[in-house]
Amino acid sequence: MNMQIQTTVTAGGGVREYLTFTLGKEAYAMDILKVQEIRGYDVVTHIANAPDFMKGVINLRGVIVPIIDMRIKFNQDTIVYDEFTVVIIMKVLGRVIGMVVDSVSDVVTLSPDKIKPAPEFGSGINSEYITGIGTSGEQMLILVDIERLIGSDDMQLMAMADNRLDMAA
């Protein structure tokens, strides 16, 4: 499964398109403009001393792409790699990154009236990556600021892994 993403920019009104995906029982959504393509999960080259959520790297048409497993990052109970497991290839913060998720659901269009602010959680839950809760039909979607997530301090460990690759080359 390898799907190229074609995006269209909608005019006015703040209407935006989101790619929806699942992690465990929860449905998430991210800005479709960050998505480059969707691929089935494949074997990765592991990097020594990388954090658990960094599965390794792949060579994607000559580009070395770090692959992170969001199921591990978001502390999912059971991590299963099956025919539904996919990698969302994104261009974020000037880098190409792959993100492993349980499945990709759909592309939805959400207008501002379909998005509510992110709820305030207690100190035990990190909500800094959540920009809001969207509704599409009966489904609630957790909207993720993928740039803030990828650029966070704990994800900077990926930059160290890239540096190890550069030194090895």
# chains A, B, ... in the order shown; residues from 1 in each chain; ligands from 1
>>> closest_atom_pairs(of="range 5-58 of chain A", to="range 134-140 of chain A", cutoff="9 Å", atoms="only C-alpha atoms", output="tab-separated table")
residue	atom	partner	partner_atom	distance
A:Glu26	CA	A:Met140	CA	8.7
A:Ala27	CA	A:Met140	CA	7.0
A:Tyr28	CA	A:Met140	CA	8.4
A:Ala29	CA	A:Gly134	CA	8.4
>>> residues_around(residues="range 19-24 of chain A", least_positions_apart="6", cutoff="7 Å", atoms="only C-alpha atoms", output="list in words")
Met30, Asp31, Ile32, Arg71, Gln76, Val101, Asp102, Ser103, Val104, Ser105, Asp106, Val107 and Val108 of chain A
>>> atom_distance(atom1="CA of Asp145 in chain A", atom2="CA of Arg39 in chain A")
21.1 Å
>>> closest_residue(among="A:Arg95, A:Gly132, A:Lys73, A:Phe84", to="Pro112 in chain A", atoms="only C-alpha atoms")
A:Gly132
>>> closest_residue(among="A:Ile133, A:Leu110, A:Val43, A:Ile67", to="Ile150 in chain A", atoms="only C-alpha atoms")
A:Ile67
>>> select_by_dssp(residues="range 54-98 of chain A", states="alpha helix (DSSP H)", output="PyMOL selection string")
chain A and resi 70-73
>>> write_last_selection(atoms="C-alpha atoms", output="compact mmCIF listing (two decimals), in the first residue's frame")
# COMPACT_ATOMS: atom_id res chain seq x y z
CA MET A 70 3.44 7.20 17.77
CA ARG A 71 1.82 4.23 19.48
CA ILE A 72 4.93 3.88 21.65
CA LYS A 73 5.28 7.66 22.05
>>> residues_around(residues="Thr131 in chain A", least_positions_apart="2", cutoff="12 Å", atoms="only C-alpha atoms", output="MDAnalysis selection string")
chainID A and resid 28:31 115:120 126:129 133:134 141:149
>>> write_last_selection(atoms="C-alpha atoms", output="mmCIF file, in the first residue's frame")
data_model
loop_
_atom_site.group_PDB
_atom_site.id
_atom_site.type_symbol
_atom_site.label_atom_id
_atom_site.label_comp_id
_atom_site.auth_asym_id
_atom_site.auth_seq_id
_atom_site.Cartn_x
_atom_site.Cartn_y
_atom_site.Cartn_z
ATOM 1 C CA TYR A 28 -6.571 11.650 15.657
ATOM 2 C CA ALA A 29 -6.265 14.174 12.859
ATOM 3 C CA MET A 30 -3.401 16.209 11.439
ATOM 4 C CA ASP A 31 -3.131 18.942 8.825
ATOM 5 C CA ILE A 115 -13.452 22.455 16.200
ATOM 6 C CA LYS A 116 -13.532 23.057 19.943
ATOM 7 C CA PRO A 117 -10.539 24.148 22.053
ATOM 8 C CA ALA A 118 -8.425 21.436 23.618
ATOM 9 C CA PRO A 119 -9.665 20.636 27.114
ATOM 10 C CA GLU A 120 -7.495 21.428 30.100
ATOM 11 C CA ASN A 126 0.586 16.400 28.308
ATOM 12 C CA SER A 127 -1.836 18.281 26.061
ATOM 13 C CA GLU A 128 0.608 20.756 24.534
ATOM 14 C CA TYR A 129 0.438 18.905 21.181
ATOM 15 C CA ILE A 133 -11.189 18.450 19.346
ATOM 16 C CA GLY A 134 -12.897 18.208 15.974
ATOM 17 C CA LEU A 141 -11.061 13.671 16.460
ATOM 18 C CA ILE A 142 -8.086 14.731 18.555
ATOM 19 C CA LEU A 143 -6.360 17.415 16.466
ATOM 20 C CA VAL A 144 -2.578 17.135 16.753
ATOM 21 C CA ASP A 145 -0.124 19.963 16.063
ATOM 22 C CA ILE A 146 2.394 17.718 14.339
ATOM 23 C CA GLU A 147 5.061 20.446 14.081
ATOM 24 C CA ARG A 148 4.928 21.131 17.813
ATOM 25 C CA LEU A 149 5.082 17.400 18.531
#
>>> residues_around(residues="Val100 in chain A", least_positions_apart="2", cutoff="6 Å", atoms="only C-alpha atoms", output="PyMOL selection string")
chain A and resi 69-70+86-87
>>> write_last_selection(atoms="N, CA and C atoms", output="compact mmCIF listing (two decimals), in the first residue's frame")
# COMPACT_ATOMS: atom_id res chain seq x y z
N ASP A 69 7.34 5.67 16.05
CA ASP A 69 6.10 4.94 16.29
C ASP A 69 5.30 5.71 17.33
N MET A 70 4.24 6.37 16.87
CA MET A 70 3.44 7.20 17.77
C MET A 70 2.69 6.36 18.80
N VAL A 86 0.38 1.46 9.23
CA VAL A 86 0.86 2.30 8.15
C VAL A 86 1.87 3.32 8.66
N VAL A 87 2.61 3.88 7.72
CA VAL A 87 3.55 4.95 8.01
C VAL A 87 3.10 6.17 7.22
>>> closest_residue(among="A:Lys25, A:His46, A:Arg16, A:Lys34", to="Ile97 in chain A", atoms="only C-alpha atoms")
A:Lys34
>>> closest_residue(among="A:Gly151, A:Asp52, A:Ile88, A:Val96", to="Asn75 in chain A", atoms="only C-alpha atoms")
A:Asp52
>>> atom_distance(atom1="CA of Ile38 in chain A", atom2="CA of Ile79 in chain A")
19.2 Å
>>> select_by_dssp(residues="range 49-138 of chain A", states="strand (DSSP E)", output="PyMOL selection string")
chain A and resi 54-60+63-69+86-92+95-101+103-110+115-116+130-136
